[in-house]
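Report on the structure given below.
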Amino acid sequence: MQVENSALARAREYETKQQKLRDAAVFPIFHLRSPAGWINDPNGFSLYEGEYHLFFQYHPYSAEWGPMHWGHAKTRDFVQWEYLPAAMAPDQDYDCEGCFSGSAIQDGDRHILAYTSVCFEKQEDGRTKVCQTQSIAAGDGYNYSKQNGNPVIGAGQLPAGSDPENFRDPKLWKENDIYYIIAGSQDRDKTGRILKYASRDLIHWTFEGILFRTTEKIGRMWECPDYFKLRDKQVLLISPQDMQAKGLEYHCGNGSVYFTGYEENGAFIEESRGCMDFGTDFYAPQTLLTGDGRRIMIAWMQSWDIQNYPPEFEWRGMMTFPRELSLQGHTIRQAPAREIEQFRKNKVRYDNFCLKEKTCFADIRGRVIDLTVQIKKINCSSVEIRLAKGGGHYISIEYDAAKKTIIFDRKYAQCIRDIVNERKLNLNPDRDTVTMRILMDLYSVEIFFNEGEKTLTSLFFMDLQHDDIEFIPYGGSCVLDIEKWDINI
Ligand code: FRU
């Protein structure tokens with residue numbers, strides 16, 4: 001593979017030069033983050049030769065979105081990431097405006113990447129139009145070459161009504177010697193649909209049909225589909241743009257939705273759906289299957305609409321901590337990948353602590369922690385947990401016992417922008433106790449409610465010395481079980 005003098009060589013060289021910047025930055029401890037510049041969606045999350053690889057949408061040259069490269073990292077435990085040189089740059093006519101999101105599989109000894117190639121096309125009236133097509137690259141876990149014959153799926157293979165400017169994010173898999181791709185698409189009437197393609201050689205692809213669309217509107221363009229089996233159900237994940245809030249289930253803007261169901265005659269039949277995460281910063285999740293059969297999901301820990309990184313940070317972007325998915329009935333549950341447990345130190349535990357007034361525990365504090373709180377015997381109207389507290393600043397998780405609702409609020413987290421700070425979610429009304437597992441890593445919090453039946457992910461950028469944790473009962477008392485671990489790498 002030729003990387004000298006190319007856009008890819010330039011990106012790799014620039015990454016190396018950024019080492020100084022990296023040494024000065026205070027990065028999260030156990031989350032994948034940008035190696036330099038900007039990152040967004042996870043791409044090509046896959047098991048290759050016994051290691052987990054993750055690529056990501058990447059603009060190394062600034063802290064803003066720009067012509068998309070694929071950045072690259074790998075891990076054996078989802079905690080410690082080795083950052084590798086960029087895997088792809090937008091260096092071909094057909095992808096000169098960007099190598100957009102996609103996926104990866106191991107095929108024999110090759111690591112195959114499927115991605116969206118973006119360019120501009122001149123039209124007869126002289127105006128230019130975005131052209132999104134699907135392309136293939138292959139490599140050895142370090143270097144990747146784009147396949148001759150790219151792009152392999154183009155506007156000519158779109159069904160009637162599909163908009164060629166919004167056709168992206170291929171999810172690739174192989175079954176019985178046939179390769180399949182599903183990709184997100186938008187109808188000309190601006191509703192989302194998922195298209196399915198098949199190929200025997202990765203070069204010639206045929207349109208198989210529309211895998212899924214809905215009669216009611218769920219946002220507009222459906223981005224970043226993933227499709228996999230979980231127990232006996234087929235699961236489809238999509239990230240629609242331009243959604244509208246529905247009760248507390250979905251918020252406005254980009255959201256991530258899961259559907260469970262089954263496939264019949266080439267079409268996915270929906271049985272249930274739900275919101276993948278209720279926080280302010282979660283988008284474009286994708287999954288892989290581990291060697292021991294676990295379905296692990298990772299997502300971009302940010303929102304397109306809310307930018308609240310401190311301007312002095314020269315890097316932008318983190319991924320969620322990888323999460324194990326399981327199915328209970330029709331609900332997808334999420335739990336932090338169990339590998340995190342090898343990195344937990346300094347356990348502190350309180351059992352049956354009667355919370356009657358505002359309480360801080362000298363040994364329960366920290367900004368890089370795995371904290372589980374169970375709230376029981378609730379004889380108060382609400383209970384609040386303040387995290388990262390100091391100097392009058394904190395983030396708040398409040399449980400309203402009458403409504404069985406969680407209110408997350410980060411407005412006192414030293415934020416200097418007028419952004420969305422609050423999210424609410426309903427918990428299972430049939431339960432009398434609430435469990436929250438809280439993973440905090442310097443600038444982020446990921447909360448798993450009631451064994452992961454709902455999750456909430458949010459970023460906050462506060463001075464790092466603010467690390468107290470306070471528990472406050474309102475209008476009575478309750479009983480708490482608390483377990484805290486530091487994450488130490
Ligand atoms: C989702 C997305 C994808 C696209 C990529 C571009 O966040 O808009 O649909 O491939 O980002 O960076």
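Residue numbers start at 1 in each chain; chains themselves are named A, B, ... in the order of the structure tokens; ligands are numbered from 1 in the order shown.
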Considering only C-alpha atoms and all ligand atoms, give me a table of residues in chain A that are at most 7 Å from ligand 1, with the closest atom pair and distance in Å for each, as JSON lines.
{"residue": "A:Asn40", "atom": "CA", "partner": "ligand 1", "partner_atom_place_in_ligand_line": "12 (O)", "distance": 6.3}
{"residue": "A:Asp41", "atom": "CA", "partner": "ligand 1", "partner_atom_place_in_ligand_line": "7 (O)", "distance": 5.4}
{"residue": "A:Gln57", "atom": "CA", "partner": "ligand 1", "partner_atom_place_in_ligand_line": "12 (O)", "distance": 5.5}
{"residue": "A:Met68", "atom": "CA", "partner": "ligand 1", "partner_atom_place_in_ligand_line": "12 (O)", "distance": 6.2}
{"residue": "A:Phe100", "atom": "CA", "partner": "ligand 1", "partner_atom_place_in_ligand_line": "10 (O)", "distance": 4.0}
{"residue": "A:Ser101", "atom": "CA", "partner": "ligand 1", "partner_atom_place_in_ligand_line": "10 (O)", "distance": 3.9}
{"residue": "A:Thr116", "atom": "CA", "partner": "ligand 1", "partner_atom_place_in_ligand_line": "10 (O)", "distance": 6.6}
{"residue": "A:Arg168", "atom": "CA", "partner": "ligand 1", "partner_atom_place_in_ligand_line": "10 (O)", "distance": 6.0}
{"residue": "A:Asp169", "atom": "CA", "partner": "ligand 1", "partner_atom_place_in_ligand_line": "10 (O)", "distance": 5.3}
{"residue": "A:Glu223", "atom": "CA", "partner": "ligand 1", "partner_atom_place_in_ligand_line": "9 (O)", "distance": 4.6}
{"residue": "A:Cys224", "atom": "CA", "partner": "ligand 1", "partner_atom_place_in_ligand_line": "9 (O)", "distance": 5.8}
{"residue": "A:Tyr283", "atom": "CA", "partner": "ligand 1", "partner_atom_place_in_ligand_line": "7 (O)", "distance": 6.8}
{"residue": "A:Ala284", "atom": "CA", "partner": "ligand 1", "partner_atom_place_in_ligand_line": "7 (O)", "distance": 5.8}
Self-check item: Shell of 10 Å around Asp93 of chain A, only C-alpha atoms, local chain residues under 4 positions omitted, as a PyMOL selection string
Solution: chain A and resi 97+117-120
Quiz item: Can you tell me how far atom CA of Val383 of chain A sits from atom CA of Asp486 of chain A, in Å to one decimal?
Solution: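 A separation of 23.6 Å between them.
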Exercise. Any chance you could list, as a list of chain:residue names, the residues in segment 68-280 of chain A that come up helix (DSSP H, G or I) when DSSP is run on the backbone?
Key: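 Secondary structure check on segment 68-280 of chain A, helix (DSSP H, G or I): A:Asp93, A:Tyr94, A:Asp95, A:Ala155, A:Gly156, A:Gln157.
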Practice problem: Find the residues around Val445 of chain A up to 6 Å (only C-alpha atoms counted), leave out those fewer than 6 positions away in its own chain, and share them as a list in words. | Solution: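 Surrounding residues, per the criterion: Leu439, Thr457 and Ser458 of chain A.
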Exercise. Give me every strand (DSSP E) residue in segment 164-353 of chain A, going by DSSP on the backbone, as a PyMOL selection string.
Key: chain A and resi 164-175+178-187+192-199+205-212+222-230+233-240+257-264+267-275+283-289+295-300+315-316+323-328+331-336+344-353
